[in-house]
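Trainee: What follows is a structure written as structure tokens; I'll ask about it next.
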Amino acid sequence: MTHLSPNSVQARDIASIVHPQTNLVAHLEQGPMVIEHGQGCYVYDDNGTRFLDAAAGLWCASLGYASERLARVAYEQMRKLGYYHLYRGTTNEAGVDLAEKLLQIAPVPMSKVLLQCSGSEANDTAIKLAWYYHAAIGKPDKRKIIGRRMGYHGSTSASISASGKADMHADFGLPFPGFLHTEYPHYYRHHYDGESEEQFSGRMAEALEQLIEAEGPESCAAFIAEPVMGAGGGLTPPRGYWEKMQAVIRKYDMLFIADEVICGFGRTGNMWGSQTYDLRPDMISCAKALSAGMQPISALLINKRVFEAMLDESRKLGNFAHGFTYAGHPVTTAVAMETLRIYEETDMIGHVRRVGPHMQQVLRRFADHPLVGDVRGVGLLTGIEMVADKATRTLFDPARKVGAMVDRHARANGLITRFIGDRIAFSPPLIITEAEIDDVASRLGRALDDAWEEVRGQ
Ligand SMILES: Cc1ncc(COP(=O)(O)O)c(C=O)c1O
């Protein structure tokens, strides 16, 4: 690392911050990338270098990186009521407006909304409510939570236990007992020769059923999954997957939690991923694009069945003993509500339906690149997988870190992507234009060529 002045942001960062999802030793040496400001789909570092952010930050900056309109709403709300909570029956209008709106646009009939601050909190709460629900209906032994390998639901202890990310369990002593993971539905990587997507999906559903039978159906409380996997690689479900999986969940009377944290609010070309794939969840968690990433807010929508069980618990116990200080924070709810108004006024879903096919088409062209084995996506979400041998779908040795290599070359070409192993996910701000998508493609093309040179030279 070149010498840093002790007053530089980089040096002060190294001296003071522990970064999530970062190699802490390498960080001491390499220091941070400093993002100074943003506009539209672009962010600028402290040298003034412009990057097209094809990851929308962490799948969340749906309206880009600066908004006068949302800033005004936050400002006005802070002047009027900058904080209050929802404890002990207290409320404020901003929270009510948002909850009503979410119930109105929910993909399936939902009864109530719990407001919180992050996707992890929403999923953690969903898991607790699955336990609470089964206790309330007289089945307290129904406690096991089933997620999927490579599924991701957050970093809190329960939400990461439900996630199938082995790297995030290591040395934390997680997952907690009672959290199980079924197959990773990665058709391209894991299908047998000659196996169709439908057949593969059937095999995935059978694996879920076998897991439930082996564990004992009377002990299985809920299944949690994302309509499209994000941190699992920007991975769309194979044909027939959701129909077959939901039949198993229903058969064993488990609750279904749809994690819409990245799919919600237009990403897949509908308001919800649940609409794109015809999901019928009992609970829906959402966050990220709910506030265009501009305020830390999430919501958990629950159906009547779950809420009525919670009422029974209040009849028994009195208090619904759960809550967060910042749940329903009025600044977060006001900004989220305004974000939803912007989506409606600008027909954001219509926009995604118009530009999404263009993104899928231009990125699919990279399937011909020597590094690329698989390109698939939906709406404004695409995953591109690098393989060592296209004919046999052989993966690179993970130690070569080819995904990280492509990401590094992408940055050198002014493009921010999100790599997950050797898969690169694209989830640009929803406001992206066709011209900007073409810009993503040309920068990515250069990055892939540069990475290919490096791979061949190794
Ligand atoms: C599908 C999904 N669920 C949950 C989360 C966790 O959300 P948060 O980081 O806001 O806790 C994420 C974060 O990326 C996610 O992608």
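By convention in this document, the chains of the structure tokens carry letters A, B, ... by their order, each chain's residues are numbered from 1, and ligands are numbered from 1 in the order they are shown.
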Excluding His329 (chain A) and residues on its chain fewer than 2 positions from it, collect all residues at most 8 Å away from it, counting only C-alpha atoms, and give them as a list in words.

Mentor: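 Contacts, with the query itself left out: Tyr83, Tyr84, His85, Gly95, Tyr326, Ala327, Val331, Thr332 and Thr333 of chain A.
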
Trainee: Determine which residues of region 193-226 of chain A DSSP labels as alpha helix (DSSP H) from the backbone of this structure, then write them out as a list in words.

Mentor: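 Those residues are Glu197, Glu198, Gln199, Phe200, Ser201, Gly202, Arg203, Met204, Ala205, Glu206, Ala207, Leu208, Glu209, Gln210, Leu211, Ile212, Glu213, Ala214 and Glu215 of chain A.
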
Trainee: Give me a file of those residues, with C-alpha atoms, as a short mmCIF file (atom, residue, chain, number, x, y, z; two decimals), in the first residue's frame.

Mentor:
data_model
loop_
_atom_site.label_atom_id
_atom_site.label_comp_id
_atom_site.auth_asym_id
_atom_site.auth_seq_id
_atom_site.Cartn_x
_atom_site.Cartn_y
_atom_site.Cartn_z
CA GLU A 197 -35.26 -28.32 -15.47
CA GLU A 198 -38.63 -29.82 -14.53
CA GLN A 199 -37.02 -33.12 -13.59
CA PHE A 200 -34.33 -31.32 -11.61
CA SER A 201 -37.04 -29.35 -9.77
CA GLY A 202 -38.80 -32.61 -8.98
CA ARG A 203 -35.57 -33.92 -7.50
CA MET A 204 -35.24 -30.75 -5.37
CA ALA A 205 -38.78 -31.18 -4.02
CA GLU A 206 -38.14 -34.86 -3.30
CA ALA A 207 -35.01 -33.92 -1.36
CA LEU A 208 -37.06 -31.49 0.73
CA GLU A 209 -39.66 -34.15 1.39
CA GLN A 210 -37.00 -36.69 2.39
CA LEU A 211 -35.45 -34.20 4.79
CA ILE A 212 -38.80 -33.51 6.44
CA GLU A 213 -39.58 -37.23 6.69
CA ALA A 214 -36.15 -37.96 8.15
CA GLU A 215 -36.45 -35.18 10.73
#

Trainee: Identify, counting only C-alpha atoms and all ligand atoms, the protein, DNA and RNA residues located within 9 Å of ligand 1, and give them as a PyMOL selection string.

Mentor: chain A and resi 58-60+117-123+151-156+159-160+163+225-232+259-263+285-288+296-298

Trainee: Can I get the selected residues back with C-alpha atoms, as a compact mmCIF listing (two decimals), in the first residue's frame?

Mentor:
# COMPACT_ATOMS: atom_id res chain seq x y z
CA LEU A 58 -26.23 -4.23 -1.79
CA TRP A 59 -29.23 -4.75 -4.10
CA CYS A 60 -30.95 -1.78 -2.54
CA CYS A 117 -34.88 -1.92 10.53
CA SER A 118 -33.16 -4.63 8.49
CA GLY A 119 -33.75 -7.75 6.47
CA SER A 120 -32.07 -9.79 9.20
CA GLU A 121 -34.47 -8.46 11.82
CA ALA A 122 -37.49 -9.17 9.64
CA ASN A 123 -36.38 -12.77 9.06
CA GLY A 151 -29.84 -19.33 0.85
CA TYR A 152 -29.21 -16.03 2.62
CA HIS A 153 -31.51 -14.42 5.14
CA GLY A 154 -29.26 -12.16 7.21
CA SER A 155 -26.49 -12.02 9.78
CA THR A 156 -28.31 -12.17 13.11
CA SER A 159 -31.35 -15.54 10.30
CA ILE A 160 -27.84 -16.76 9.52
CA SER A 163 -29.13 -19.34 5.78
CA ALA A 225 -36.53 -19.04 0.94
CA GLU A 226 -35.97 -16.19 -1.48
CA PRO A 227 -38.03 -16.27 -4.71
CA VAL A 228 -34.73 -15.63 -6.56
CA MET A 229 -31.50 -16.31 -4.67
CA GLY A 230 -29.36 -13.21 -4.30
CA ALA A 231 -26.32 -14.04 -2.23
CA GLY A 232 -26.67 -17.56 -3.64
CA ASP A 259 -37.78 -13.62 1.88
CA GLU A 260 -38.50 -10.76 -0.54
CA VAL A 261 -35.64 -8.64 0.78
CA ILE A 262 -34.06 -8.34 -2.67
CA CYS A 263 -36.96 -9.38 -4.90
CA SER A 285 -40.06 -10.17 4.73
CA CYS A 286 -38.99 -7.13 2.73
CA ALA A 287 -36.42 -4.34 3.05
CA LYS A 288 -33.80 -2.74 0.76
CA PRO A 296 -32.74 1.33 7.31
CA ILE A 297 -36.20 -0.18 7.29
CA SER A 298 -37.74 -3.59 6.80

Trainee: Residues at most 6 Å from Lys390 (chain A), counting only C-alpha atoms, excluding those fewer than 2 positions away in the same chain, as a ChimeraX atom specification?

Mentor: /A:373,392-393

Trainee: Using only C-alpha atoms, pick whichever of A:His191, A:His186, A:Lys80, A:His358 has the shortest atom-to-atom distance to Gly383 (chain A).

Mentor: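 The closest residue to Gly383 (chain A) is A:His186.
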
Trainee: Skip Asp141 (chain A) itself and residues of its chain fewer than 4 positions away, then list as JSON, numbers by chain all residues within 10 Å of it, counting only C-alpha atoms.

Mentor: {"A": [131, 134, 135, 218, 219, 220, 221]}

Trainee: Tell me which of A:Ser111, A:Ser314, A:Gln361, A:Thr339 sits closest to Ser67 (chain A), counting only C-alpha atoms.

Mentor: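 With only C-alpha atoms as the atom set, the closest residue is A:Thr339.
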
Trainee: Here is a test: counting only C-alpha atoms, which residue of A:Glu313, A:Asn303, A:Arg408, A:Ala441 is nearest to Phe366 (chain A)?

Mentor: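 For Phe366 (chain A), the nearest of the given residues is A:Ala441.
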
Trainee: Which residues are close to region 267-269 of chain A, i.e. within 6 Å by only C-alpha atoms, leaving aside same-chain residues fewer than 5 positions away? Reply as a ChimeraX atom specification.

Mentor: /A:349,352-353,378-380

Trainee: Which residue gives the smallest distance to Lys142 (chain A) among A:Tyr277, A:Trp272, A:Tyr252, A:Phe307, with only C-alpha atoms counted?

Mentor: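 The shortest atom-to-atom distance to Lys142 (chain A) comes from A:Tyr252.
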
Trainee: List as a list in words the protein and nucleic acid residues near Ala412 (chain A), meaning an atom at most 10 Å away when only C-alpha atoms are counted, but skip any in the same chain fewer than 5 places from it.

Mentor: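 Neighbouring residues, sequence-local ones excluded: Phe51, Val406, Asp407, Arg443, Arg446, Ala447 and Asp450 of chain A.
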
Trainee: Could you check how far CA of Gly328 (chain A) sits from CA of Arg341 (chain A), in Å to one decimal?

Mentor: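 Atom-to-atom, CA of Gly328 (chain A) and CA of Arg341 (chain A) are spaced 18.1 Å apart.
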
Trainee: From a DSSP pass on the backbone, collect the residues of region 254-300 of chain A flagged as strand (DSSP E) and hand them back as a list in words.

Mentor: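 Here is the list: Leu255, Phe256, Ile257, Ala258, Asp259, Met283, Ile284, Ser285, Cys286, Ser298, Ala299 and Leu300 of chain A.
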